[in-house]
Structure formats: C-alpha cells, structure tokens
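Shown next: target_37.cif, containing mmCIF, C-alpha atoms and all ligand atoms.
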```cif
data_input
loop_
_atom_site.label_atom_id
_atom_site.label_comp_id
_atom_site.auth_asym_id
_atom_site.auth_seq_id
_atom_site.Cartn_x
_atom_site.Cartn_y
_atom_site.Cartn_z
CA MET A 6 137.30 128.74 102.11
CA THR A 7 136.08 130.92 105.01
CA GLU A 8 134.61 129.70 108.29
CA SER A 9 131.17 131.09 107.56
CA THR A 10 131.15 129.45 104.15
CA HIS A 11 132.07 126.11 105.57
CA SER A 12 129.28 126.16 108.15
CA ASN A 13 126.83 126.03 105.24
CA CYS A 14 128.08 122.65 104.05
CA LYS A 15 125.84 120.73 106.41
CA SER A 16 122.69 122.69 105.66
CA LEU A 17 123.31 122.19 101.94
CA LEU A 18 123.03 118.42 102.40
CA GLY A 19 119.44 118.73 103.59
CA SER A 20 118.40 120.39 100.32
CA LEU A 21 120.53 118.22 98.06
CA SER A 22 117.86 115.73 96.90
CA ASP A 23 115.34 118.44 96.13
CA TYR A 24 118.05 120.40 94.34
CA VAL A 25 119.10 117.58 91.99
CA ASP A 26 115.42 116.73 91.39
CA GLY A 27 114.80 120.35 90.37
CA GLU A 28 112.23 120.75 93.14
CA LEU A 29 113.96 123.38 95.22
CA GLY A 30 112.71 126.97 95.37
CA ALA A 31 114.61 129.61 93.44
CA GLU A 32 116.02 131.33 96.51
CA LEU A 33 117.46 128.14 98.02
CA CYS A 34 118.86 127.23 94.60
CA ARG A 35 120.70 130.54 94.50
CA GLU A 36 122.10 129.90 97.99
CA ILE A 37 123.40 126.52 96.92
CA GLU A 38 124.90 127.86 93.72
CA LYS A 39 126.59 130.66 95.62
CA HIS A 40 127.99 128.19 98.14
CA ILE A 41 129.32 125.68 95.62
CA ALA A 42 131.01 128.46 93.68
CA GLU A 43 133.17 128.95 96.78
CA CYS A 44 133.33 125.46 98.27
CA ASP A 45 134.92 122.84 96.06
CA ASP A 46 134.03 119.85 98.27
CA CYS A 47 130.34 120.71 98.12
CA ARG A 48 130.54 121.36 94.38
CA ILE A 49 131.87 117.82 93.95
CA VAL A 50 129.20 116.36 96.24
CA VAL A 51 126.44 118.14 94.30
CA ASP A 52 127.88 117.16 90.89
CA THR A 53 128.46 113.52 91.76
CA THR A 54 125.10 113.14 93.51
CA ARG A 55 123.38 114.49 90.41
CA LYS A 56 125.48 112.13 88.30
CA THR A 57 124.60 109.19 90.54
CA VAL A 58 120.88 109.83 90.07
CA ASP A 59 121.39 110.33 86.30
CA LEU A 60 123.25 107.02 86.08
CA VAL A 61 120.51 105.19 87.96
CA HIS A 62 117.91 106.55 85.56
CA ALA A 63 120.04 105.83 82.49
CA SER A 64 120.85 102.27 83.56
CA ASN A 65 117.17 101.69 84.18
CA HIS A 66 116.08 102.21 80.56
CA PRO A 67 114.85 100.61 78.40
CA GLN A 68 112.70 98.80 80.92
CA ALA A 69 112.26 95.09 80.34
CA GLY A 70 108.77 93.68 79.89
CA LEU A 71 107.46 90.54 81.55
CA PRO A 72 108.94 87.31 80.13
CA ASP A 73 106.24 85.33 78.27
CA GLU A 74 106.59 82.22 80.42
CA VAL A 75 106.27 84.27 83.61
CA ARG A 76 103.09 85.82 82.22
CA ASP A 77 101.74 82.35 81.32
CA ARG A 78 102.26 81.04 84.83
CA LEU A 79 100.82 84.20 86.39
CA PHE A 80 97.60 83.98 84.36
CA LYS A 81 97.21 80.31 85.22
CA ARG A 82 97.77 80.97 88.91
CA LEU A 83 95.07 83.64 88.80
CA ASN A 84 92.64 81.35 86.95
CA LEU A 85 92.79 83.72 84.00
CA ALA A 86 94.12 81.21 81.47
CA ASP A 87 91.17 82.03 79.17
CA TYR A 88 92.64 85.50 78.74
CA LEU A 89 96.15 84.35 77.89
CA LYS A 90 95.99 85.40 74.26
CA PRO A 91 98.11 88.51 73.87
CA PRO A 92 96.10 91.66 74.45
CA ALA A 93 94.97 93.51 71.32
CA GLN A 94 97.57 96.10 70.36
CA MET B 12 107.26 90.48 75.94
CA ILE B 13 104.10 92.36 76.80
CA GLU B 14 104.34 96.14 76.83
CA THR B 15 102.92 98.00 79.77
CA THR B 16 99.76 99.79 78.66
CA SER B 17 98.69 103.15 79.95
CA GLN B 18 97.02 103.08 83.31
CA ALA B 19 94.14 105.37 82.62
CA ASP B 20 91.74 102.93 81.01
CA ILE B 21 91.27 100.29 83.74
CA SER B 22 87.76 100.41 85.15
CA LEU B 23 87.68 100.04 88.94
CA GLU B 24 83.97 99.47 88.79
CA ALA B 25 84.37 96.54 86.42
CA LEU B 26 87.14 95.12 88.63
CA ARG B 27 84.94 95.28 91.70
CA THR B 28 82.09 93.47 89.98
CA GLY B 29 84.47 90.59 89.30
CA ASP B 30 84.99 91.22 85.59
CA HIS B 31 87.73 88.72 84.70
CA ALA B 32 88.59 90.34 81.39
CA GLU B 33 89.18 93.64 83.17
CA PHE B 34 91.35 91.97 85.79
CA ALA B 35 93.38 90.37 83.00
CA ARG B 36 93.86 93.85 81.54
CA LEU B 37 95.00 95.11 84.93
CA VAL B 38 97.52 92.26 85.14
CA ASP B 39 98.89 93.06 81.69
CA ALA B 40 99.11 96.75 82.49
CA TYR B 41 101.05 96.40 85.75
CA SER B 42 102.72 93.01 85.97
CA ALA B 43 105.99 94.16 84.38
CA PRO B 44 106.78 96.95 86.90
CA ILE B 45 105.76 94.72 89.81
CA TYR B 46 108.04 91.94 88.54
CA ARG B 47 110.95 94.38 88.06
CA LEU B 48 110.49 95.66 91.60
CA GLY B 49 110.61 92.08 92.92
CA LEU B 50 113.75 91.38 90.93
CA ARG B 51 115.45 94.46 92.38
CA MET B 52 114.25 93.78 95.90
CA LEU B 53 115.07 90.09 96.02
CA GLY B 54 117.75 89.64 93.40
CA ASN B 55 116.46 86.42 91.85
CA GLU B 56 113.79 85.45 89.34
CA GLN B 57 112.08 82.75 91.39
CA ASP B 58 111.42 85.04 94.36
CA ALA B 59 110.38 87.86 92.02
CA GLU B 60 107.84 85.54 90.40
CA ASP B 61 106.47 84.53 93.82
CA VAL B 62 106.06 88.19 94.71
CA LEU B 63 104.38 88.88 91.37
CA GLN B 64 101.86 86.04 91.75
CA ASN B 65 101.13 86.75 95.42
CA THR B 66 100.66 90.45 94.72
CA PHE B 67 97.93 89.88 92.14
CA LEU B 68 96.31 87.07 94.17
CA SER B 69 96.16 89.44 97.12
CA ALA B 70 94.86 92.25 94.91
CA LEU B 71 92.09 89.95 93.66
CA THR B 72 91.12 89.09 97.24
CA HIS B 73 91.23 92.65 98.54
CA LEU B 74 89.79 94.59 95.61
CA SER B 75 86.70 95.44 97.62
CA ASN B 76 88.91 97.17 100.23
CA PHE B 77 90.61 99.37 97.65
CA GLU B 78 89.12 102.80 98.08
CA GLY B 79 90.71 104.44 95.10
CA ARG B 80 92.42 107.14 97.12
CA SER B 81 95.76 106.24 95.58
CA SER B 82 96.29 105.02 92.04
CA VAL B 83 95.85 101.31 91.39
CA LEU B 84 99.56 101.02 90.65
CA THR B 85 100.54 102.62 93.97
CA TRP B 86 98.17 100.23 95.72
CA LEU B 87 99.74 97.27 93.90
CA TYR B 88 103.22 98.51 94.84
CA ARG B 89 102.15 98.62 98.46
CA ILE B 90 101.03 94.99 98.29
CA ALA B 91 104.19 93.99 96.43
CA VAL B 92 106.42 95.67 99.03
CA ASN B 93 104.71 93.68 101.78
CA GLU B 94 104.96 90.47 99.79
CA SER B 95 108.66 91.14 99.17
CA LEU B 96 109.27 91.71 102.88
CA MET B 97 107.61 88.39 103.61
CA VAL B 98 109.83 86.60 101.11
CA MET B 99 112.92 88.34 102.54
CA ARG B 100 112.07 87.26 106.05
CA ARG B 101 111.23 83.72 105.01
CA GLY B 102 113.86 81.45 106.47
CA LYS B 103 115.57 84.25 108.34
CA SER B 104 115.58 83.51 112.06
CA GLU B 105 116.24 87.12 112.87
CA VAL B 106 114.68 90.12 111.23
CA ASN B 107 117.13 92.97 111.28
CA VAL B 108 115.34 95.53 109.15
CA ASP B 109 114.90 97.96 111.98
CA ASP B 110 118.58 98.20 112.82
CA THR B 111 118.98 101.57 111.20
CA GLU B 112 115.50 102.76 112.05
CA SER B 113 116.61 104.98 114.93
CA SER B 114 118.92 107.06 112.76
CA ASP B 115 116.36 107.33 110.00
CA GLU B 116 114.94 110.69 110.81
CA THR B 117 118.19 112.62 110.95
CA ILE B 118 120.84 113.55 108.47
CA GLU B 119 123.37 114.30 111.21
CA ASP B 120 125.76 111.49 110.36
CA LEU B 121 125.62 111.94 106.61
CA SER B 122 128.76 113.99 106.07
CA PRO B 123 130.31 112.90 102.78
CA SER B 124 133.79 111.41 103.05
CA GLN B 125 134.63 110.97 99.35
CA PHE B 126 135.52 113.99 97.23
CA VAL B 127 136.68 112.41 94.00
CA ASP B 128 135.46 114.54 91.10
CA TRP B 129 134.32 111.69 88.87
CA GLY B 130 131.26 113.47 87.49
CA ALA B 131 133.20 114.59 84.43
CA LEU B 132 134.21 111.08 83.31
CA PRO B 133 132.90 110.27 79.81
CA GLU B 134 129.42 108.73 79.61
CA ASP B 135 130.60 105.53 77.96
CA GLU B 136 132.92 104.87 80.87
CA LEU B 137 130.24 105.68 83.44
CA LEU B 138 127.71 103.48 81.66
CA SER B 139 130.07 100.61 80.80
CA ALA B 140 128.93 97.10 81.72
CA GLU B 141 131.36 97.17 84.60
CA GLY B 142 130.11 100.58 85.76
CA LYS B 143 126.52 99.34 85.73
CA GLN B 144 127.58 96.31 87.72
CA ALA B 145 129.21 98.55 90.32
CA LEU B 146 125.98 100.52 90.54
CA ASP B 147 123.81 97.39 90.91
CA HIS B 148 126.16 96.10 93.57
CA ALA B 149 125.98 99.39 95.46
CA ILE B 150 122.16 99.30 95.32
CA GLN B 151 122.11 95.74 96.66
CA LYS B 152 124.30 96.85 99.56
CA LEU B 153 121.84 99.52 100.72
CA PRO B 154 120.08 98.66 103.98
CA GLU B 155 116.61 97.29 103.29
CA ASN B 156 114.67 100.31 104.57
CA LEU B 157 116.67 102.69 102.37
CA ARG B 158 116.61 100.35 99.38
CA MET B 159 112.79 100.18 99.40
CA VAL B 160 112.51 103.96 99.20
CA PHE B 161 115.26 104.22 96.62
CA LEU B 162 113.79 101.49 94.38
CA LEU B 163 110.32 103.01 94.36
CA ARG B 164 111.48 106.58 93.87
CA ASP B 165 114.59 106.35 91.68
CA ILE B 166 114.12 103.00 89.93
CA GLN B 167 110.33 102.71 89.57
CA GLU B 168 110.22 106.52 89.36
CA LEU B 169 107.27 107.09 91.67
CA SER B 170 106.69 110.57 93.09
CA ILE B 171 107.68 111.25 96.71
CA LYS B 172 103.97 111.22 97.58
CA ASP B 173 103.28 107.85 95.92
CA THR B 174 106.43 106.36 97.44
CA ALA B 175 105.23 107.46 100.86
CA GLU B 176 101.81 105.93 100.22
CA ALA B 177 103.21 102.65 98.95
CA LEU B 178 105.44 102.28 102.00
CA GLY B 179 103.13 103.74 104.62
CA LEU B 180 105.68 106.43 105.49
CA THR B 181 105.45 110.18 105.76
CA GLU B 182 106.77 112.21 102.85
CA SER B 183 109.48 113.77 105.03
CA ASN B 184 110.59 110.31 106.12
CA VAL B 185 110.76 109.24 102.46
CA LYS B 186 112.87 112.30 101.67
CA VAL B 187 115.34 111.60 104.44
CA ARG B 188 115.69 107.94 103.46
CA LEU B 189 116.04 108.87 99.80
CA LEU B 190 118.82 111.31 100.64
CA ARG B 191 120.58 108.71 102.77
CA ALA B 192 120.31 106.15 99.97
CA ARG B 193 121.57 108.54 97.30
CA LEU B 194 124.48 109.73 99.43
CA SER B 195 125.40 106.16 100.25
CA LEU B 196 125.43 105.25 96.55
CA ARG B 197 127.44 108.37 95.79
CA GLU B 198 130.07 107.37 98.35
CA GLN B 199 130.33 103.87 96.92
CA LEU B 200 130.49 105.07 93.32
CA SER B 201 133.11 107.66 94.32
CA ILE B 202 135.30 104.88 95.71
CA TYR B 203 134.77 102.80 92.57
CA TYR B 204 135.44 105.58 90.07
CA GLY B 205 138.22 106.99 92.25
CA GLU B 206 140.09 103.71 91.83
CA ARG B 207 139.53 103.81 88.07
CA ILE B 208 140.84 107.36 87.85
CA ASN B 209 143.93 106.39 89.86
CA GLN B 210 144.56 103.39 87.62
CA GLU B 211 144.38 105.57 84.53
CA LYS B 212 146.89 107.96 86.06
CA THR B 213 149.38 105.17 86.83
CA ASN B 214 148.92 103.76 83.33
CA ASP B 215 149.79 107.06 81.71
ZN ZN A 301 130.60 123.42 101.41
#
```
How does this structure look as structure tokens?
Amino acid sequence: MTESTHSNCKSLLGSLSDYVDGELGAELCREIEKHIAECDDCRIVVDTTRKTVDLVHASNHPQAGLPDEVRDRLFKRLNLADYLKPPAQ
Amino acid sequence: MIETTSQADISLEALRTGDHAEFARLVDAYSAPIYRLGLRMLGNEQDAEDVLQNTFLSALTHLSNFEGRSSVLTWLYRIAVNESLMVMRRGKSEVNVDDTESSDETIEDLSPSQFVDWGALPEDELLSAEGKQALDHAIQKLPENLRMVFLLRDIQELSIKDTAEALGLTESNVKVRLLRARLSLREQLSIYYGERINQEKTND
C-alpha cells in the first residue's frame, strides 16, 4: 500500500453511501474500484457497508401490516367507526 | 391485517372538503408504515399507537395547511416524526438530542476502526434470529438524530429528498447523517460478527 493510495481512504468515505446505493457517477465509481483493488482495508469497509445496508433491507421484509385491534382503536379515535368494515379488496 | 394500498388514488380535494370515507381510505393506505416507524423510533407498541393516533388526528386538523408540495405520505411522516419526538421527550427532564449536532456536518471523525471481513459469511448466518437481534440492537443504539434519518431512508425506504422533507433537513445534511448511521452500524456489526468468526476458529 503506497502513501498516495492511502491518502485516498478518507475521500472514499465521503462517496461511500452514494456508491453502495448505486447513485455515484461512473468516473467516481472507477476511482473507488481502482482504490479498493489496492487497499484491502477500504475493500472491507466498502463490502461490509454494502452488506450492512443489504441486511437492513432484508430484515425489513416482509413488512407487517397494522394489527386489527390497533386499526379498530385508531378508527374510533378518529370518529371513523362507521368506516371500520375492511376496505374492499 | 390490512394491506397498504397504493398511494396514487387518494383525492386531496375530497380530503379537504371533509370527506370521511376518503379520510378512512387515507388511514388504511398509510397507517401501517406510520405505525412501523413509531415502533422503530420508540421501541414499544403503546407509544407507537399513541404516535399513530396523534399523527392522523393532527393530519385531520391540519389538512387545510397541506399544500401538496410533498407527497401525502411524506407529509404524514413529518407529522409522525414530530409526534415521536414529543413522546420521546415526555417525562425526560433533559433533552439531549442535540448533543451530537455540532459534529453532524462533517465526516472528519468517521474513520473506520473495524476491518473484519465478515461480508462473505453465509446469508443464513447473517440473517439468523440472533443476527437480526444484533442488528436491531445496533439500530436502537444510534443517536436519535442519526436514527431518524436512518429509519426513514433505510427502513421506510424514502428517497434522500423525501427524508430531507420529512425531517426539515437539507439533502446534504441527510446524506452526512445517513453515512454516519451506516458506518456506526457497520462498526457494531463488525464487532458482533468478528466475535462469531473468532469463536468458529477456536471451535475448529
Ligand atoms: Zn484505502
């Protein structure tokens, strides 16, 4: 790992979120990919950050609906009890 | 369980004229995500239900102020965030949300300290019940101002723009907080999975 390579580690962090979200421009992507090919610490940070976001998304599905009794109480609180019948599918 | 319906077919005009049936449709379309946000923010069902009810009561009261510049859901999130903050501060003598505010705008102190290469662990280990618990625990440990951004963006899956609107922040501020939150979770998960990897090695 050369000195000049290592000075890029910090600037990589600033683009990390956009990079894992796939929202980074092609040129900056290439810079990151070039850097992580040479810098193992940054490669790990990029990989595990991406994995962290993937895990959050995966653990978040399927998304639970509203429990029936919570919906009942909500409609009553809003004076909407007349509309409590389940909505037409 | 009521499924969330698509958001396109709620009529703002009908809502503003006090159409109860339309408001009921709005409630059915958006109550589930608002309730989930409350659960994540506050960590218990009673507080989440308070936030849910207060959010729609407030929406009912303030419908005439809603200008339609953001989506209805983003507007509801904004109300729900404020309601959640009120519940959080209830009974707290000191509000300490702003503790980390000063360091918010910079990423200077974000240098990663954990370099365990756990990304290649098998999915079923990463998504085990225990792994999910470690993740939930790490999310709960995020400072409030980072957690808000993280929950809206990565859990509720709002865009950066909508997250900024719901929280009254700039997009660049949202991006910095999101990065801080993600890096903080990454550090904590690295410690957790690092221990697991070490255990496996000693067991071999
Ligand atoms: Zn590096």
Neighbours of chain B in chain A at 8 Å, counting all atoms listed in the file, as an NGL selection string = :A and (15 or 19 or 21-22 or 46 or 49-50 or 52-54 or 56-58 or 60-62 or 64-65 or 69-73 or 75 or 79-80 or 82-83 or 85 or 88 or 91-92)
Write the residues of the preceding selection, restricted to C-alpha atoms, as a compact mmCIF listing (two decimals), keeping the file's coordinate frame.
```txt
# COMPACT_ATOMS: atom_id res chain seq x y z
CA LYS A 15 125.84 120.73 106.41
CA GLY A 19 119.44 118.73 103.59
CA LEU A 21 120.53 118.22 98.06
CA SER A 22 117.86 115.73 96.90
CA ASP A 46 134.03 119.85 98.27
CA ILE A 49 131.87 117.82 93.95
CA VAL A 50 129.20 116.36 96.24
CA ASP A 52 127.88 117.16 90.89
CA THR A 53 128.46 113.52 91.76
CA THR A 54 125.10 113.14 93.51
CA LYS A 56 125.48 112.13 88.30
CA THR A 57 124.60 109.19 90.54
CA VAL A 58 120.88 109.83 90.07
CA LEU A 60 123.25 107.02 86.08
CA VAL A 61 120.51 105.19 87.96
CA HIS A 62 117.91 106.55 85.56
CA SER A 64 120.85 102.27 83.56
CA ASN A 65 117.17 101.69 84.18
CA ALA A 69 112.26 95.09 80.34
CA GLY A 70 108.77 93.68 79.89
CA LEU A 71 107.46 90.54 81.55
CA PRO A 72 108.94 87.31 80.13
CA ASP A 73 106.24 85.33 78.27
CA VAL A 75 106.27 84.27 83.61
CA LEU A 79 100.82 84.20 86.39
CA PHE A 80 97.60 83.98 84.36
CA ARG A 82 97.77 80.97 88.91
CA LEU A 83 95.07 83.64 88.80
CA LEU A 85 92.79 83.72 84.00
CA TYR A 88 92.64 85.50 78.74
CA PRO A 91 98.11 88.51 73.87
CA PRO A 92 96.10 91.66 74.45
```
Step by step, measure atom-to-atom distances between ligand ZN 301 (chain A) and each residue using only C-alpha atoms and all ligand atoms, keep those at most 12 Å, then write them as number ranges by chain.
-> A: 6-18, 21, 36-51; B: 122-123, 126
Atoms to include: C-alpha atoms. Write the selected residues as a JSON list (two decimals), keeping the file's coordinate frame.
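The result, stored in part_2.json:
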```
[["chain", "number", "residue", "atom", "x", "y", "z"],
["A", 6, "MET", "CA", 137.30, 128.74, 102.11],
["A", 7, "THR", "CA", 136.08, 130.92, 105.01],
["A", 8, "GLU", "CA", 134.61, 129.70, 108.29],
["A", 9, "SER", "CA", 131.17, 131.09, 107.56],
["A", 10, "THR", "CA", 131.15, 129.45, 104.15],
["A", 11, "HIS", "CA", 132.07, 126.11, 105.57],
["A", 12, "SER", "CA", 129.28, 126.16, 108.15],
["A", 13, "ASN", "CA", 126.83, 126.03, 105.24],
["A", 14, "CYS", "CA", 128.08, 122.65, 104.05],
["A", 15, "LYS", "CA", 125.84, 120.73, 106.41],
["A", 16, "SER", "CA", 122.69, 122.69, 105.66],
["A", 17, "LEU", "CA", 123.31, 122.19, 101.94],
["A", 18, "LEU", "CA", 123.03, 118.42, 102.40],
["A", 21, "LEU", "CA", 120.53, 118.22, 98.06],
["A", 36, "GLU", "CA", 122.10, 129.90, 97.99],
["A", 37, "ILE", "CA", 123.40, 126.52, 96.92],
["A", 38, "GLU", "CA", 124.90, 127.86, 93.72],
["A", 39, "LYS", "CA", 126.59, 130.66, 95.62],
["A", 40, "HIS", "CA", 127.99, 128.19, 98.14],
["A", 41, "ILE", "CA", 129.32, 125.68, 95.62],
["A", 42, "ALA", "CA", 131.01, 128.46, 93.68],
["A", 43, "GLU", "CA", 133.17, 128.95, 96.78],
["A", 44, "CYS", "CA", 133.33, 125.46, 98.27],
["A", 45, "ASP", "CA", 134.92, 122.84, 96.06],
["A", 46, "ASP", "CA", 134.03, 119.85, 98.27],
["A", 47, "CYS", "CA", 130.34, 120.71, 98.12],
["A", 48, "ARG", "CA", 130.54, 121.36, 94.38],
["A", 49, "ILE", "CA", 131.87, 117.82, 93.95],
["A", 50, "VAL", "CA", 129.20, 116.36, 96.24],
["A", 51, "VAL", "CA", 126.44, 118.14, 94.30],
["B", 122, "SER", "CA", 128.76, 113.99, 106.07],
["B", 123, "PRO", "CA", 130.31, 112.90, 102.78],
["B", 126, "PHE", "CA", 135.52, 113.99, 97.23]]
```
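Between atom CA of Ala70 of chain B and atom CA of Leu23 of chain B there is a distance of 12.2 Å.
The space between atom CA of Ser75 of chain B and atom CA of Ser22 of chain B spans 13.5 Å.
Across the structure, atom CA of Thr72 of chain B and atom CA of Leu26 of chain B are spaced 11.2 Å apart.
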May I ask you to restore all heavy atoms in segment 81-92 of chain A and write the result as a PDB file, in the frame of the given file?
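Output below, filename out39.pdb:
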```
ATOM      1  N   LYS A  81      97.746  81.591  84.769  1.00  0.00           N
ATOM      2  CA  LYS A  81      97.210  80.310  85.220  1.00  0.00           C
ATOM      3  C   LYS A  81      96.968  80.317  86.726  1.00  0.00           C
ATOM      4  O   LYS A  81      95.945  79.849  87.218  1.00  0.00           O
ATOM      5  CB  LYS A  81      98.144  79.161  84.813  1.00  0.00           C
ATOM      6  CG  LYS A  81      97.973  78.838  83.332  1.00  0.00           C
ATOM      7  CD  LYS A  81      98.990  77.853  82.803  1.00  0.00           C
ATOM      8  CE  LYS A  81      98.806  77.758  81.273  1.00  0.00           C
ATOM      9  NZ  LYS A  81     100.073  77.424  80.590  1.00  0.00           N
ATOM     10  N   ARG A  82      97.909  80.893  87.453  1.00  0.00           N
ATOM     11  CA  ARG A  82      97.770  80.970  88.910  1.00  0.00           C
ATOM     12  C   ARG A  82      96.542  81.790  89.306  1.00  0.00           C
ATOM     13  O   ARG A  82      95.892  81.527  90.318  1.00  0.00           O
ATOM     14  CB  ARG A  82      99.032  81.604  89.493  1.00  0.00           C
ATOM     15  CG  ARG A  82      99.098  81.726  90.990  1.00  0.00           C
ATOM     16  CD  ARG A  82      99.640  80.482  91.649  1.00  0.00           C
ATOM     17  NE  ARG A  82      99.383  80.461  93.085  1.00  0.00           N
ATOM     18  CZ  ARG A  82     100.140  81.071  93.992  1.00  0.00           C
ATOM     19  NH1 ARG A  82     101.235  81.714  93.623  1.00  0.00           N
ATOM     20  NH2 ARG A  82      99.843  81.018  95.274  1.00  0.00           N
ATOM     21  N   LEU A  83      96.211  82.764  88.487  1.00  0.00           N
ATOM     22  CA  LEU A  83      95.070  83.640  88.800  1.00  0.00           C
ATOM     23  C   LEU A  83      93.766  83.132  88.178  1.00  0.00           C
ATOM     24  O   LEU A  83      92.758  83.836  88.204  1.00  0.00           O
ATOM     25  CB  LEU A  83      95.356  85.064  88.271  1.00  0.00           C
ATOM     26  CG  LEU A  83      96.525  85.814  88.924  1.00  0.00           C
ATOM     27  CD1 LEU A  83      96.890  87.060  88.123  1.00  0.00           C
ATOM     28  CD2 LEU A  83      96.175  86.193  90.358  1.00  0.00           C
ATOM     29  N   ASN A  84      93.809  81.900  87.639  1.00  0.00           N
ATOM     30  CA  ASN A  84      92.640  81.350  86.950  1.00  0.00           C
ATOM     31  C   ASN A  84      92.172  82.245  85.802  1.00  0.00           C
ATOM     32  O   ASN A  84      90.969  82.404  85.575  1.00  0.00           O
ATOM     33  CB  ASN A  84      91.475  81.118  87.930  1.00  0.00           C
ATOM     34  CG  ASN A  84      91.774  79.976  88.875  1.00  0.00           C
ATOM     35  OD1 ASN A  84      92.378  78.964  88.477  1.00  0.00           O
ATOM     36  ND2 ASN A  84      91.399  80.141  90.127  1.00  0.00           N
ATOM     37  N   LEU A  85      93.127  82.846  85.122  1.00  0.00           N
ATOM     38  CA  LEU A  85      92.790  83.720  84.000  1.00  0.00           C
ATOM     39  C   LEU A  85      93.290  83.146  82.672  1.00  0.00           C
ATOM     40  O   LEU A  85      93.467  83.879  81.702  1.00  0.00           O
ATOM     41  CB  LEU A  85      93.414  85.112  84.205  1.00  0.00           C
ATOM     42  CG  LEU A  85      92.861  85.967  85.339  1.00  0.00           C
ATOM     43  CD1 LEU A  85      93.717  87.217  85.532  1.00  0.00           C
ATOM     44  CD2 LEU A  85      91.403  86.352  85.083  1.00  0.00           C
ATOM     45  N   ALA A  86      93.518  81.826  82.660  1.00  0.00           N
ATOM     46  CA  ALA A  86      94.120  81.210  81.470  1.00  0.00           C
ATOM     47  C   ALA A  86      93.327  81.519  80.196  1.00  0.00           C
ATOM     48  O   ALA A  86      93.897  81.607  79.103  1.00  0.00           O
ATOM     49  CB  ALA A  86      94.265  79.712  81.665  1.00  0.00           C
ATOM     50  N   ASP A  87      92.007  81.718  80.340  1.00  0.00           N
ATOM     51  CA  ASP A  87      91.170  82.030  79.170  1.00  0.00           C
ATOM     52  C   ASP A  87      91.596  83.348  78.505  1.00  0.00           C
ATOM     53  O   ASP A  87      91.287  83.593  77.340  1.00  0.00           O
ATOM     54  CB  ASP A  87      89.696  82.196  79.586  1.00  0.00           C
ATOM     55  CG  ASP A  87      89.088  80.864  79.988  1.00  0.00           C
ATOM     56  OD1 ASP A  87      89.760  79.832  79.776  1.00  0.00           O
ATOM     57  OD2 ASP A  87      87.968  80.875  80.528  1.00  0.00           O
ATOM     58  N   TYR A  88      92.283  84.182  79.271  1.00  0.00           N
ATOM     59  CA  TYR A  88      92.640  85.500  78.740  1.00  0.00           C
ATOM     60  C   TYR A  88      94.114  85.569  78.329  1.00  0.00           C
ATOM     61  O   TYR A  88      94.669  86.643  78.167  1.00  0.00           O
ATOM     62  CB  TYR A  88      92.351  86.582  79.793  1.00  0.00           C
ATOM     63  CG  TYR A  88      90.908  86.608  80.184  1.00  0.00           C
ATOM     64  CD1 TYR A  88      90.460  85.871  81.278  1.00  0.00           C
ATOM     65  CD2 TYR A  88      89.975  87.324  79.435  1.00  0.00           C
ATOM     66  CE1 TYR A  88      89.121  85.858  81.622  1.00  0.00           C
ATOM     67  CE2 TYR A  88      88.637  87.322  79.779  1.00  0.00           C
ATOM     68  CZ  TYR A  88      88.210  86.584  80.872  1.00  0.00           C
ATOM     69  OH  TYR A  88      86.896  86.574  81.211  1.00  0.00           O
ATOM     70  N   LEU A  89      94.710  84.384  78.147  1.00  0.00           N
ATOM     71  CA  LEU A  89      96.150  84.350  77.890  1.00  0.00           C
ATOM     72  C   LEU A  89      96.555  84.853  76.516  1.00  0.00           C
ATOM     73  O   LEU A  89      97.713  85.172  76.286  1.00  0.00           O
ATOM     74  CB  LEU A  89      96.683  82.929  78.076  1.00  0.00           C
ATOM     75  CG  LEU A  89      97.513  82.743  79.344  1.00  0.00           C
ATOM     76  CD1 LEU A  89      97.940  81.298  79.499  1.00  0.00           C
ATOM     77  CD2 LEU A  89      98.725  83.652  79.349  1.00  0.00           C
ATOM     78  N   LYS A  90      95.620  84.879  75.577  1.00  0.00           N
ATOM     79  CA  LYS A  90      95.990  85.400  74.260  1.00  0.00           C
ATOM     80  C   LYS A  90      96.523  86.830  74.454  1.00  0.00           C
ATOM     81  O   LYS A  90      96.050  87.560  75.316  1.00  0.00           O
ATOM     82  CB  LYS A  90      94.804  85.374  73.307  1.00  0.00           C
ATOM     83  CG  LYS A  90      93.630  86.232  73.756  1.00  0.00           C
ATOM     84  CD  LYS A  90      92.502  86.115  72.750  1.00  0.00           C
ATOM     85  CE  LYS A  90      91.414  87.140  73.010  1.00  0.00           C
ATOM     86  NZ  LYS A  90      90.838  87.114  74.365  1.00  0.00           N
ATOM     87  N   PRO A  91      97.533  87.169  73.672  1.00  0.00           N
ATOM     88  CA  PRO A  91      98.110  88.510  73.870  1.00  0.00           C
ATOM     89  C   PRO A  91      97.026  89.572  73.727  1.00  0.00           C
ATOM     90  O   PRO A  91      96.114  89.419  72.922  1.00  0.00           O
ATOM     91  CB  PRO A  91      99.123  88.624  72.732  1.00  0.00           C
ATOM     92  CG  PRO A  91      99.400  87.239  72.305  1.00  0.00           C
ATOM     93  CD  PRO A  91      98.153  86.451  72.561  1.00  0.00           C
ATOM     94  N   PRO A  92      97.109  90.609  74.547  1.00  0.00           N
ATOM     95  CA  PRO A  92      96.100  91.660  74.450  1.00  0.00           C
ATOM     96  C   PRO A  92      96.168  92.351  73.086  1.00  0.00           C
ATOM     97  O   PRO A  92      97.235  92.445  72.501  1.00  0.00           O
ATOM     98  CB  PRO A  92      96.475  92.624  75.574  1.00  0.00           C
ATOM     99  CG  PRO A  92      97.914  92.360  75.845  1.00  0.00           C
ATOM    100  CD  PRO A  92      98.169  90.922  75.492  1.00  0.00           C
TER     101      PRO A  92
END
```
